[in-house]
$ cat upload30.txt   # compact mmCIF, C-alpha atoms and all ligand atoms
# COMPACT_ATOMS: atom_id res chain seq x y z
CA MET A 7 -140.74 16.09 -41.55
CA LEU A 8 -140.91 12.32 -42.09
CA GLN A 9 -137.46 11.08 -43.06
CA HIS A 10 -138.48 9.36 -46.31
CA ILE A 11 -140.38 12.44 -47.53
CA LYS A 12 -137.34 14.57 -46.76
CA LYS A 13 -135.13 12.30 -48.89
CA ARG A 14 -137.49 12.49 -51.86
CA ILE A 15 -137.60 16.27 -51.61
CA GLU A 16 -133.81 16.57 -51.42
CA SER A 17 -133.49 14.49 -54.53
CA LEU A 18 -136.09 16.60 -56.37
CA ALA A 19 -134.40 19.84 -55.27
CA GLN A 20 -131.10 18.60 -56.70
CA SER A 21 -132.69 17.97 -60.09
CA ILE A 22 -134.23 21.39 -60.69
CA GLU A 23 -132.74 24.72 -61.67
CA HIS A 24 -131.06 26.90 -59.06
CA ARG A 25 -133.72 29.57 -58.83
CA ALA A 26 -137.07 27.88 -59.29
CA MET A 27 -140.29 26.81 -57.67
CA VAL A 28 -142.36 23.66 -57.94
CA ILE A 29 -146.15 23.64 -57.73
CA VAL A 30 -147.96 20.31 -57.35
CA PRO A 31 -151.74 20.32 -56.92
CA GLY A 32 -153.39 17.59 -54.86
CA ALA A 33 -156.49 15.83 -56.14
CA GLY A 34 -159.89 17.40 -55.61
CA TYR A 35 -163.32 15.88 -55.46
CA VAL A 36 -164.53 14.52 -58.79
CA TYR A 37 -168.26 14.47 -59.36
CA ARG A 38 -169.75 11.18 -60.49
CA ASN A 39 -173.20 12.61 -60.98
CA LEU A 40 -174.96 15.71 -59.69
CA ASP A 41 -173.63 16.07 -56.14
CA VAL A 42 -172.22 12.55 -55.74
CA ASP A 43 -168.43 12.16 -55.73
CA PHE A 44 -166.19 9.39 -56.98
CA PRO A 45 -164.15 7.97 -54.09
CA PHE A 46 -161.31 10.40 -53.38
CA ARG A 47 -157.85 9.23 -54.45
CA GLN A 48 -154.81 11.45 -53.93
CA PHE A 49 -152.70 12.40 -56.99
CA SER A 50 -149.68 10.07 -56.88
CA ASP A 51 -146.92 12.69 -57.25
CA PHE A 52 -148.55 14.75 -54.53
CA ALA A 53 -148.73 11.74 -52.21
CA TYR A 54 -145.12 10.89 -53.01
CA LEU A 55 -143.99 14.34 -51.83
CA SER A 56 -146.19 14.67 -48.76
CA GLU A 57 -148.00 11.43 -47.82
CA TRP A 58 -150.94 13.81 -47.29
CA TYR A 59 -154.17 12.13 -48.35
CA TYR A 60 -156.75 14.92 -48.10
CA PRO A 61 -158.41 16.77 -50.96
CA GLU A 62 -157.87 20.24 -52.39
CA SER A 63 -154.34 20.66 -51.10
CA TRP A 64 -151.23 22.13 -52.76
CA TRP A 65 -147.56 21.32 -52.41
CA LEU A 66 -144.94 23.97 -53.11
CA LEU A 67 -141.20 24.15 -53.11
CA LYS A 68 -138.92 27.14 -53.62
CA LYS A 69 -135.22 26.81 -54.32
CA GLU A 70 -132.76 29.68 -54.31
CA GLY A 71 -129.25 28.28 -54.43
CA ASP A 72 -128.90 26.01 -51.39
CA ALA A 73 -132.00 27.32 -49.66
CA VAL A 74 -134.99 25.02 -50.13
CA GLN A 75 -138.38 25.86 -48.66
CA VAL A 76 -141.34 23.48 -48.77
CA VAL A 77 -144.90 24.52 -47.99
CA LEU A 78 -147.96 22.29 -47.84
CA CYS A 79 -151.26 24.09 -48.27
CA CYS A 80 -154.36 22.50 -46.70
CA GLN A 81 -158.08 23.28 -46.88
CA ASP A 82 -159.26 26.31 -44.89
CA SER A 83 -160.94 25.71 -41.59
CA ASP A 84 -164.71 25.98 -42.07
CA PRO A 85 -166.91 25.03 -39.08
CA ALA A 86 -170.07 24.80 -41.22
CA ILE A 87 -168.57 22.29 -43.68
CA GLU A 88 -166.66 20.48 -40.94
CA ARG A 89 -169.94 19.85 -39.13
CA TRP A 90 -171.08 17.87 -42.20
CA GLU A 91 -167.87 16.34 -43.41
CA GLY A 92 -165.74 15.96 -40.31
CA LYS A 93 -163.03 17.88 -38.57
CA ARG A 94 -160.11 19.17 -40.64
CA LEU A 95 -156.64 19.11 -39.18
CA THR A 96 -154.97 22.42 -38.39
CA PRO A 97 -151.66 23.34 -40.03
CA GLU A 98 -149.93 22.78 -36.66
CA ALA A 99 -151.32 19.24 -36.46
CA ILE A 100 -150.22 18.47 -40.02
CA VAL A 101 -146.69 19.69 -39.25
CA ALA A 102 -146.68 17.54 -36.11
CA LEU A 103 -147.54 14.48 -38.23
CA GLY A 104 -144.48 15.17 -40.37
CA HIS A 105 -146.11 15.82 -43.77
CA ALA A 106 -144.18 19.09 -44.19
CA ASP A 107 -142.20 21.56 -42.08
CA GLU A 108 -144.47 24.43 -43.01
CA VAL A 109 -148.22 24.20 -43.57
CA ILE A 110 -150.55 27.05 -44.48
CA TYR A 111 -154.27 27.41 -45.06
CA ARG A 112 -155.60 27.69 -48.60
CA GLN A 113 -156.42 31.37 -48.13
CA ALA A 114 -152.71 32.12 -47.66
CA LEU A 115 -151.71 30.43 -50.93
CA GLU A 116 -152.10 33.35 -53.37
CA PRO A 117 -150.13 35.84 -51.27
CA LEU A 118 -147.31 33.30 -50.85
CA LEU A 119 -147.20 32.55 -54.59
CA LYS A 120 -147.15 36.25 -55.45
CA GLN A 121 -144.15 36.64 -53.21
CA TRP A 122 -142.34 33.63 -54.68
CA LEU A 123 -143.05 34.64 -58.28
CA SER A 124 -141.23 37.88 -57.62
CA GLU A 125 -138.23 35.95 -56.29
CA VAL A 126 -137.59 33.06 -58.72
CA PRO A 127 -138.00 32.97 -62.51
CA THR A 128 -138.78 29.32 -63.25
CA VAL A 129 -141.95 27.39 -62.41
CA TYR A 130 -142.12 23.60 -62.48
CA PHE A 131 -145.44 21.81 -62.31
CA PRO A 132 -146.88 18.48 -63.55
CA PHE A 133 -148.08 19.30 -67.07
CA GLU A 134 -150.86 16.73 -66.71
CA LYS A 135 -152.34 19.08 -64.06
CA LYS A 136 -152.14 22.11 -66.35
CA THR A 137 -155.77 23.13 -65.86
CA GLN A 138 -155.52 23.44 -62.06
CA VAL A 139 -152.15 25.20 -62.10
CA GLU A 140 -153.16 27.62 -64.85
CA ALA A 141 -156.30 28.55 -62.95
CA LEU A 142 -154.26 29.24 -59.82
CA LEU A 143 -151.62 31.28 -61.67
CA THR A 144 -154.26 33.33 -63.48
CA ASP A 145 -155.55 34.39 -60.09
CA VAL A 146 -152.07 35.23 -58.89
CA LEU A 147 -150.41 36.95 -61.85
CA ASP A 148 -151.56 40.53 -61.66
CA ASP A 149 -152.07 42.09 -65.08
CA SER A 150 -153.11 45.45 -63.72
CA ASN A 151 -149.54 46.23 -62.80
CA ARG A 152 -147.74 48.05 -65.67
CA ARG A 153 -144.74 45.77 -65.26
CA PRO A 154 -146.34 42.45 -64.33
CA VAL A 155 -144.20 39.74 -62.79
CA ARG A 156 -144.07 36.77 -65.16
CA PRO A 157 -142.22 33.48 -64.81
CA ARG A 158 -139.52 33.17 -67.45
CA ALA A 159 -140.05 29.46 -67.98
CA TYR A 160 -142.57 26.74 -67.24
CA LEU A 161 -141.12 23.24 -67.00
CA ASP A 162 -142.67 19.82 -66.49
CA VAL A 163 -141.81 18.27 -63.13
CA SER A 164 -143.40 14.90 -63.98
CA PRO A 165 -140.39 13.39 -65.80
CA ILE A 166 -138.15 14.32 -62.85
CA LEU A 167 -140.49 12.68 -60.34
CA GLY A 168 -141.00 9.76 -62.73
CA ALA A 169 -137.26 9.09 -62.80
CA GLN A 170 -137.12 9.25 -58.99
CA ARG A 171 -140.10 6.96 -58.62
CA LEU A 172 -138.32 4.25 -60.64
CA TYR A 173 -136.37 3.22 -57.54
CA LYS A 174 -138.46 1.87 -54.69
CA SER A 175 -137.24 2.16 -51.10
CA GLU A 176 -137.50 -0.75 -48.65
CA ASP A 177 -140.69 0.67 -47.20
CA GLU A 178 -142.24 1.12 -50.62
CA ILE A 179 -141.36 -2.48 -51.47
CA LYS A 180 -142.90 -3.62 -48.19
CA HIS A 181 -146.16 -1.88 -49.12
CA MET A 182 -146.14 -3.38 -52.62
CA ARG A 183 -145.45 -6.85 -51.26
CA HIS A 184 -148.36 -6.49 -48.86
CA ALA A 185 -150.66 -5.30 -51.66
CA CYS A 186 -149.59 -8.39 -53.65
CA GLN A 187 -150.25 -10.70 -50.71
CA ILE A 188 -153.80 -9.41 -50.29
CA SER A 189 -154.46 -9.57 -54.04
CA ALA A 190 -153.07 -13.11 -54.19
CA LYS A 191 -155.51 -14.16 -51.50
CA ALA A 192 -158.35 -12.50 -53.38
CA HIS A 193 -157.44 -14.25 -56.67
CA GLU A 194 -157.39 -17.61 -54.92
CA SER A 195 -160.78 -16.89 -53.31
CA LEU A 196 -162.19 -16.41 -56.80
CA MET A 197 -160.80 -19.78 -57.90
CA ARG A 198 -162.37 -21.43 -54.86
CA GLN A 199 -165.73 -19.68 -55.09
CA VAL A 200 -166.40 -19.66 -58.83
CA LYS A 201 -168.42 -22.86 -58.62
CA HIS A 202 -171.04 -20.93 -56.63
CA LYS A 203 -171.13 -17.97 -59.05
CA THR A 204 -172.97 -17.38 -62.28
CA HIS A 205 -171.81 -13.94 -63.46
CA GLU A 206 -168.56 -12.02 -63.97
CA TYR A 207 -169.65 -9.16 -61.68
CA GLN A 208 -170.01 -11.59 -58.77
CA LEU A 209 -166.34 -12.42 -59.07
CA SER A 210 -165.25 -8.78 -59.38
CA SER A 211 -167.36 -7.97 -56.33
CA LEU A 212 -165.77 -10.87 -54.41
CA PHE A 213 -162.29 -9.66 -55.37
CA ARG A 214 -163.01 -6.20 -54.05
CA ASP A 215 -164.56 -7.58 -50.88
CA VAL A 216 -161.58 -9.79 -49.98
CA CYS A 217 -159.22 -6.83 -50.49
CA PHE A 218 -161.35 -4.36 -48.57
CA GLN A 219 -161.93 -6.84 -45.73
CA ALA A 220 -158.14 -7.06 -45.47
CA GLY A 221 -157.95 -3.28 -44.99
CA SER A 222 -157.11 -2.10 -48.47
CA GLU A 223 -158.88 1.18 -49.23
CA HIS A 224 -158.70 1.15 -53.02
CA LEU A 225 -158.28 -1.19 -55.91
CA ALA A 226 -155.32 -0.14 -58.03
CA TYR A 227 -157.64 -0.16 -61.09
CA GLU A 228 -161.05 -1.46 -62.10
CA SER A 229 -160.92 -5.25 -62.10
CA ILE A 230 -161.15 -7.14 -65.37
CA VAL A 231 -163.15 -10.33 -64.99
CA ALA A 232 -163.58 -11.77 -68.46
CA SER A 233 -165.22 -15.11 -69.19
CA GLY A 234 -164.83 -17.05 -72.44
CA GLU A 235 -164.54 -14.85 -75.55
CA ASN A 236 -164.41 -11.71 -73.33
CA ALA A 237 -160.94 -12.79 -72.19
CA CYS A 238 -159.71 -11.92 -75.69
CA THR A 239 -160.59 -8.24 -75.11
CA LEU A 240 -157.53 -6.73 -73.45
CA HIS A 241 -159.22 -4.11 -71.27
CA TYR A 242 -162.64 -5.73 -70.98
CA ARG A 243 -164.52 -3.69 -68.40
CA THR A 244 -168.23 -4.27 -68.24
CA CYS A 245 -168.13 -7.55 -66.26
CA ARG A 246 -171.86 -8.06 -66.87
CA ASP A 247 -171.90 -11.39 -68.66
CA ALA A 248 -172.85 -14.83 -67.48
CA ILE A 249 -169.88 -17.12 -66.89
CA ASP A 250 -169.33 -19.59 -69.74
CA PRO A 251 -169.11 -22.89 -67.81
CA ASN A 252 -166.74 -24.46 -70.33
CA GLY A 253 -164.59 -21.38 -70.89
CA LEU A 254 -161.64 -19.82 -69.17
CA ILE A 255 -161.99 -16.86 -66.84
CA LEU A 256 -159.29 -14.19 -67.01
CA VAL A 257 -159.04 -12.01 -63.91
CA ASP A 258 -156.74 -8.98 -64.00
CA ALA A 259 -157.11 -7.29 -60.63
CA GLY A 260 -155.05 -5.83 -57.81
CA CYS A 261 -155.50 -3.72 -54.71
CA GLU A 262 -153.53 -0.81 -53.29
CA TRP A 263 -151.81 -0.78 -49.93
CA GLN A 264 -150.65 2.54 -48.42
CA GLY A 265 -150.95 4.12 -51.86
CA TYR A 266 -148.99 1.40 -53.70
CA ALA A 267 -150.41 -0.85 -56.40
CA SER A 268 -150.40 -4.55 -57.11
CA ASP A 269 -151.30 -5.84 -60.56
CA ILE A 270 -151.93 -9.57 -60.92
CA THR A 271 -153.62 -11.60 -63.66
CA ARG A 272 -154.70 -15.20 -63.33
CA THR A 273 -156.62 -17.35 -65.81
CA PHE A 274 -158.52 -20.46 -64.75
CA PRO A 275 -161.18 -22.81 -66.16
CA ALA A 276 -164.72 -21.98 -64.95
CA ASN A 277 -165.45 -25.67 -64.35
CA GLY A 278 -162.24 -26.39 -62.46
CA ARG A 279 -160.49 -28.50 -65.15
CA PHE A 280 -158.48 -27.19 -68.11
CA SER A 281 -159.52 -28.75 -71.42
CA SER A 282 -156.64 -30.08 -73.49
CA GLU A 283 -156.69 -27.02 -75.83
CA GLN A 284 -156.84 -24.61 -72.86
CA ARG A 285 -153.97 -26.53 -71.29
CA ASP A 286 -151.88 -26.23 -74.48
CA ILE A 287 -152.21 -22.46 -74.62
CA TYR A 288 -151.90 -21.94 -70.87
CA GLN A 289 -148.68 -23.92 -70.70
CA ILE A 290 -147.07 -21.83 -73.45
CA VAL A 291 -147.94 -18.57 -71.68
CA LEU A 292 -146.70 -19.94 -68.36
CA GLU A 293 -143.39 -21.01 -69.87
CA ALA A 294 -142.96 -17.62 -71.52
CA GLN A 295 -143.69 -15.89 -68.21
CA GLN A 296 -141.14 -18.01 -66.37
CA ALA A 297 -138.55 -17.39 -69.08
CA VAL A 298 -139.03 -13.62 -68.77
CA ILE A 299 -138.91 -13.73 -64.96
CA ASP A 300 -135.68 -15.78 -65.18
CA LEU A 301 -134.23 -13.06 -67.37
CA VAL A 302 -134.90 -10.25 -64.90
CA LYS A 303 -131.72 -8.99 -63.27
CA PRO A 304 -129.68 -5.78 -63.09
CA GLY A 305 -128.19 -4.79 -66.44
CA VAL A 306 -130.90 -6.28 -68.66
CA GLY A 307 -132.59 -3.89 -71.08
CA PHE A 308 -136.36 -3.39 -70.79
CA ASP A 309 -136.78 -4.34 -74.45
CA ALA A 310 -135.14 -7.74 -73.93
CA LEU A 311 -138.11 -8.81 -71.81
CA HIS A 312 -140.60 -8.43 -74.62
CA ARG A 313 -138.31 -10.14 -77.10
CA LYS A 314 -137.97 -13.13 -74.78
CA ALA A 315 -141.75 -13.45 -74.34
CA ASN A 316 -142.24 -13.25 -78.09
CA GLU A 317 -139.55 -15.80 -78.75
CA VAL A 318 -140.86 -18.40 -76.29
CA MET A 319 -144.49 -18.01 -77.32
CA SER A 320 -143.68 -18.04 -81.05
CA GLN A 321 -141.82 -21.30 -80.56
CA GLY A 322 -144.64 -22.78 -78.48
CA ILE A 323 -147.29 -21.81 -81.01
CA GLN A 324 -145.14 -23.15 -83.82
CA ASN A 325 -144.75 -26.49 -82.02
CA LEU A 326 -148.50 -26.64 -81.53
CA GLY A 327 -149.02 -25.92 -85.22
CA ILE A 328 -152.26 -23.96 -84.87
CA LEU A 329 -151.07 -21.11 -87.11
CA SER A 330 -149.29 -23.30 -89.68
CA SER A 331 -151.91 -23.15 -92.44
CA THR A 332 -153.15 -19.61 -91.64
CA SER A 333 -152.14 -16.08 -92.64
CA TYR A 334 -151.66 -15.10 -88.96
CA ASP A 335 -148.52 -14.70 -86.91
CA ILE A 336 -147.74 -14.32 -83.22
CA LYS A 337 -148.66 -10.60 -83.30
CA ASP A 338 -152.27 -11.57 -83.94
CA LEU A 339 -152.30 -13.53 -80.69
CA PHE A 340 -150.03 -11.37 -78.49
CA PHE A 341 -150.55 -7.67 -79.09
CA HIS A 342 -149.48 -5.84 -75.94
CA GLY A 343 -146.23 -5.19 -74.09
CA VAL A 344 -145.03 -7.84 -71.66
CA SER A 345 -144.03 -5.38 -68.92
CA HIS A 346 -144.67 -2.00 -67.41
CA TRP A 347 -143.43 -0.14 -64.34
CA LEU A 348 -145.44 -0.57 -61.18
CA GLY A 349 -145.56 1.66 -58.12
CA ARG A 350 -148.02 4.21 -56.80
CA ASP A 351 -149.70 4.02 -60.18
CA VAL A 352 -150.52 0.71 -61.79
CA HIS A 353 -148.78 1.99 -64.92
CA ASP A 354 -146.15 3.94 -62.98
CA PRO A 355 -145.15 7.01 -65.05
CA CYS A 356 -141.44 6.24 -65.06
CA PRO A 357 -139.26 6.55 -68.17
CA TYR A 358 -138.95 3.62 -70.60
CA SER A 359 -135.88 5.00 -72.29
CA ASP A 360 -132.88 7.00 -71.10
CA GLN A 361 -131.74 10.40 -72.32
CA GLU A 362 -130.05 8.87 -75.38
CA SER A 363 -133.35 7.10 -76.21
CA HIS A 364 -131.93 3.69 -75.29
CA PRO A 365 -134.31 1.33 -73.52
CA MET A 366 -134.02 1.59 -69.72
CA VAL A 367 -131.72 -0.92 -68.11
CA LEU A 368 -133.08 -2.79 -65.08
CA GLN A 369 -131.52 -1.87 -61.73
CA PRO A 370 -132.13 -3.05 -58.15
CA GLY A 371 -135.19 -1.40 -56.62
CA MET A 372 -137.21 -1.21 -59.82
CA VAL A 373 -140.55 -3.04 -59.94
CA ILE A 374 -142.09 -4.34 -63.15
CA THR A 375 -144.96 -6.56 -64.17
CA VAL A 376 -144.35 -9.64 -66.29
CA GLU A 377 -147.51 -10.44 -68.21
CA PRO A 378 -147.38 -12.42 -71.43
CA GLY A 379 -150.69 -13.43 -72.95
CA LEU A 380 -152.20 -15.30 -75.89
CA TYR A 381 -155.66 -14.43 -77.11
CA ILE A 382 -157.39 -16.60 -79.70
CA SER A 383 -160.57 -14.73 -80.49
CA ASN A 384 -163.30 -16.49 -82.44
CA GLN A 385 -162.74 -13.72 -85.01
CA LEU A 386 -159.53 -15.49 -86.06
CA LYS A 387 -161.54 -17.68 -88.40
CA GLU A 388 -158.61 -19.51 -89.96
CA ILE A 389 -157.70 -21.09 -86.60
CA SER A 390 -159.38 -24.36 -85.61
CA PRO A 391 -162.58 -23.60 -83.61
CA ASP A 392 -161.29 -25.96 -80.90
CA TYR A 393 -158.93 -23.13 -79.90
CA HIS A 394 -161.42 -20.27 -80.21
CA SER A 395 -162.23 -18.02 -77.24
CA ILE A 396 -159.17 -19.11 -75.31
CA GLY A 397 -157.64 -15.98 -73.79
CA VAL A 398 -154.80 -16.47 -71.32
CA ARG A 399 -152.71 -13.89 -69.51
CA ILE A 400 -150.51 -14.59 -66.49
CA GLU A 401 -149.16 -11.56 -64.68
CA ASP A 402 -146.89 -11.17 -61.69
CA ASP A 403 -145.14 -8.24 -60.04
CA VAL A 404 -141.38 -8.53 -59.97
CA LEU A 405 -138.78 -6.60 -57.98
CA VAL A 406 -135.31 -6.32 -59.47
CA THR A 407 -132.75 -7.26 -56.79
CA GLU A 408 -128.94 -7.32 -56.68
CA GLN A 409 -128.99 -11.06 -57.34
CA GLY A 410 -131.75 -11.11 -59.92
CA SER A 411 -135.40 -10.82 -59.01
CA ASP A 412 -137.99 -11.37 -56.32
CA VAL A 413 -141.57 -12.11 -57.38
CA LEU A 414 -143.67 -10.00 -55.01
CA SER A 415 -146.85 -11.85 -56.01
CA LYS A 416 -145.40 -15.35 -55.64
CA ASP A 417 -148.10 -16.37 -53.15
CA CYS A 418 -150.66 -16.54 -55.94
CA CYS A 419 -150.82 -20.02 -57.49
CA LYS A 420 -150.42 -20.34 -61.26
CA THR A 421 -149.41 -23.83 -62.37
CA ILE A 422 -152.15 -25.96 -63.92
CA ASP A 423 -151.92 -28.48 -61.08
CA THR A 424 -152.04 -25.96 -58.24
CA ILE A 425 -154.98 -24.12 -59.84
CA GLU A 426 -156.93 -27.34 -60.38
CA ASP A 427 -156.13 -28.46 -56.82
CA ILE A 428 -157.38 -25.24 -55.32
CA MET A 429 -160.53 -25.25 -57.45
CA ASN A 430 -161.43 -28.83 -56.60
CA SER A 431 -160.48 -28.95 -52.94
MN MN B 501 -150.41 -4.98 -65.83
$ encode --input "upload30.txt" --output "structure tokens"
Amino acid sequence: MLQHIKKRIESLAQSIEHRAMVIVPGAGYVYRNLDVDFPFRQFSDFAYLSEWYYPESWWLLKKEGDAVQVVLCCQDSDPAIERWEGKRLTPEAIVALGHADEVIYRQALEPLLKQWLSEVPTVYFPFEKKTQVEALLTDVLDDSNRRPVRPRAYLDVSPILGAQRLYKSEDEIKHMRHACQISAKAHESLMRQVKHKTHEYQLSSLFRDVCFQAGSEHLAYESIVASGENACTLHYRTCRDAIDPNGLILVDAGCEWQGYASDITRTFPANGRFSSEQRDIYQIVLEAQQAVIDLVKPGVGFDALHRKANEVMSQGIQNLGILSSTSYDIKDLFFHGVSHWLGRDVHDPCPYSDQESHPMVLQPGMVITVEPGLYISNQLKEISPDYHSIGVRIEDDVLVTEQGSDVLSKDCCKTIDTIEDIMNS
């Protein structure tokens, strides 16, 4: 088995009860319409435990005291389907590649589970995959027997894996850095090319193209390309509108590399020059972002990051005076968290507080985003119209190191001067 998979499994085995099994379903095909699928993307926990990126697979672990057995279950061999869809690897080939020490065909799954259910009383599975696991167990648990075998407890494995996934290994960091480097290139291409584009979707298509040309197989999430007033909508998705030539364009987009996400936001003026009002707001967000990044180091609480962003932006907005004769405060302009975990998932499902409900404390190996933003929608009628439809977010991906931090997405330009230089060169 691949060494890094083995380590992850050992750590998981240490965190579960002494006589228990873990069932993790892989992703299946998801229909987009009729018989057309969405692109296949492996379930992150499953990929974490196996690095196996094929559909309709299962991952199982049984622990009895010190004995730990791991079985990967792959699709059955089926010459008729394989003629259409391509050859499937045999269990022997999958073992040889190091995804697991033991691999079985799908048809052998129910008999194996029946056996295991009679041996250990506790079943862990990711509760978010309840439907798949329940369907499998319904097939396996035999009610016709007068004394049916029933697990004594069902427990959620997701929080255990989430806590493990907080700490990224050197290889994982390498993948995330590479994802950031590709995304940085793509963001800069958008800045260079926007003068030849008329619509938001042309930029989102260009972003995807640069990433895919560089070998990335997936975006980490649907790109947000929001021009003018649209930039004030946090998760603006449609990307259909014409680009407002005098407005800002906010692009929140990132690709995946080897299953790991990048998540970068840049905001730039469609016409290549920030207006003085756009400059005012941009500079405040940039200073807040730098202040938060400067704060990142081992021992700092997750909640301190948001407080710092709030503090710097409140001060900046106060100095600017745009809220002084209004009923608004900073919460009307900045209404999302400044950070989230990043990893295999763009919002990596790692814990935000410890077992005593205290905010998590940053430690080396953790990766977070730092993404303050200010959004002055034209719906905020009491603010001077000169500042309306200015939405700015600046987001980078930051690794916590022993010494402090390392910005994985540092290749992507973000000062006013460097953005204007790139756009006008
Ligand atoms: Mn983000």
$ closest_residue --input "upload30.txt" --among "A:Ser164, A:Gln409, A:Gln75, A:Thr137" --to "Asp354 of chain A" --atoms "all atoms listed in the file"
A:Ser164
$ residues_around --input "upload30.txt" --residues "His353 of chain A" --least-positions-apart "6" --cutoff "12 Å" --atoms "only C-alpha atoms" --output "ChimeraX atom specification"
/A:50,168,171-172,226-227,266-269,343,345-347,373-375,403
$ atom_distance --input "upload30.txt" --atom1 "atom CA of Trp90 of chain A" --atom2 "atom CA of Leu115 of chain A"
24.7 Å
$ residues_around --input "upload30.txt" --residues "Glu194 of chain A" --least-positions-apart "3" --cutoff "8 Å" --atoms "only C-alpha atoms" --output "JSON, numbers by chain"
{"A": [190, 191, 197, 198, 418, 419, 428]}
$ write_last_selection --input "upload30.txt" --atoms "C-alpha atoms" --output "tab-separated table (two decimals), keeping the file's coordinate frame"
chain	number	residue	atom	x	y	z
A	190	ALA	CA	-153.07	-13.11	-54.19
A	191	LYS	CA	-155.51	-14.16	-51.50
A	197	MET	CA	-160.80	-19.78	-57.90
A	198	ARG	CA	-162.37	-21.43	-54.86
A	418	CYS	CA	-150.66	-16.54	-55.94
A	419	CYS	CA	-150.82	-20.02	-57.49
A	428	ILE	CA	-157.38	-25.24	-55.32
$ residues_around --input "upload30.txt" --residues "segment 183-187 of chain A" --least-positions-apart "4" --cutoff "12 Å" --atoms "all atoms listed in the file" --output "PDB file with C-alpha atoms, in the frame of the given file"
ATOM      1  CA  LYS A 174    -138.460   1.870 -54.690  1.00  0.00           C
ATOM      2  CA  GLU A 176    -137.500  -0.750 -48.650  1.00  0.00           C
ATOM      3  CA  ASP A 177    -140.690   0.670 -47.200  1.00  0.00           C
ATOM      4  CA  GLU A 178    -142.240   1.120 -50.620  1.00  0.00           C
ATOM      5  CA  ILE A 179    -141.360  -2.480 -51.470  1.00  0.00           C
ATOM      6  CA  LYS A 191    -155.510 -14.160 -51.500  1.00  0.00           C
ATOM      7  CA  ALA A 192    -158.350 -12.500 -53.380  1.00  0.00           C
ATOM      8  CA  HIS A 193    -157.440 -14.250 -56.670  1.00  0.00           C
ATOM      9  CA  GLU A 194    -157.390 -17.610 -54.920  1.00  0.00           C
ATOM     10  CA  VAL A 216    -161.580  -9.790 -49.980  1.00  0.00           C
ATOM     11  CA  CYS A 217    -159.220  -6.830 -50.490  1.00  0.00           C
ATOM     12  CA  PHE A 218    -161.350  -4.360 -48.570  1.00  0.00           C
ATOM     13  CA  ALA A 220    -158.140  -7.060 -45.470  1.00  0.00           C
ATOM     14  CA  GLY A 221    -157.950  -3.280 -44.990  1.00  0.00           C
ATOM     15  CA  SER A 222    -157.110  -2.100 -48.470  1.00  0.00           C
ATOM     16  CA  GLU A 223    -158.880   1.180 -49.230  1.00  0.00           C
ATOM     17  CA  HIS A 224    -158.700   1.150 -53.020  1.00  0.00           C
ATOM     18  CA  LEU A 225    -158.280  -1.190 -55.910  1.00  0.00           C
ATOM     19  CA  ALA A 226    -155.320  -0.140 -58.030  1.00  0.00           C
ATOM     20  CA  ALA A 259    -157.110  -7.290 -60.630  1.00  0.00           C
ATOM     21  CA  GLY A 260    -155.050  -5.830 -57.810  1.00  0.00           C
ATOM     22  CA  CYS A 261    -155.500  -3.720 -54.710  1.00  0.00           C
ATOM     23  CA  GLU A 262    -153.530  -0.810 -53.290  1.00  0.00           C
ATOM     24  CA  TRP A 263    -151.810  -0.780 -49.930  1.00  0.00           C
ATOM     25  CA  GLN A 264    -150.650   2.540 -48.420  1.00  0.00           C
ATOM     26  CA  GLY A 265    -150.950   4.120 -51.860  1.00  0.00           C
ATOM     27  CA  TYR A 266    -148.990   1.400 -53.700  1.00  0.00           C
ATOM     28  CA  ALA A 267    -150.410  -0.850 -56.400  1.00  0.00           C
ATOM     29  CA  SER A 268    -150.400  -4.550 -57.110  1.00  0.00           C
ATOM     30  CA  ASP A 269    -151.300  -5.840 -60.560  1.00  0.00           C
ATOM     31  CA  ILE A 270    -151.930  -9.570 -60.920  1.00  0.00           C
ATOM     32  CA  THR A 271    -153.620 -11.600 -63.660  1.00  0.00           C
ATOM     33  CA  LEU A 348    -145.440  -0.570 -61.180  1.00  0.00           C
ATOM     34  CA  GLY A 349    -145.560   1.660 -58.120  1.00  0.00           C
ATOM     35  CA  ARG A 350    -148.020   4.210 -56.800  1.00  0.00           C
ATOM     36  CA  VAL A 352    -150.520   0.710 -61.790  1.00  0.00           C
ATOM     37  CA  VAL A 373    -140.550  -3.040 -59.940  1.00  0.00           C
ATOM     38  CA  THR A 375    -144.960  -6.560 -64.170  1.00  0.00           C
ATOM     39  CA  GLU A 401    -149.160 -11.560 -64.680  1.00  0.00           C
ATOM     40  CA  ASP A 402    -146.890 -11.170 -61.690  1.00  0.00           C
ATOM     41  CA  ASP A 403    -145.140  -8.240 -60.040  1.00  0.00           C
ATOM     42  CA  VAL A 404    -141.380  -8.530 -59.970  1.00  0.00           C
ATOM     43  CA  LEU A 405    -138.780  -6.600 -57.980  1.00  0.00           C
ATOM     44  CA  ASP A 412    -137.990 -11.370 -56.320  1.00  0.00           C
ATOM     45  CA  VAL A 413    -141.570 -12.110 -57.380  1.00  0.00           C
ATOM     46  CA  LEU A 414    -143.670 -10.000 -55.010  1.00  0.00           C
ATOM     47  CA  SER A 415    -146.850 -11.850 -56.010  1.00  0.00           C
ATOM     48  CA  LYS A 416    -145.400 -15.350 -55.640  1.00  0.00           C
ATOM     49  CA  ASP A 417    -148.100 -16.370 -53.150  1.00  0.00           C
ATOM     50  CA  CYS A 418    -150.660 -16.540 -55.940  1.00  0.00           C
ATOM     51  CA  CYS A 419    -150.820 -20.020 -57.490  1.00  0.00           C
TER      52      CYS A 419
END
$ closest_residue --input "upload30.txt" --among "A:Met429, A:Ile287, A:Ser411, A:Ile230" --to "ligand MN 501 (chain B)" --atoms "all atoms listed in the file"
A:Ile230
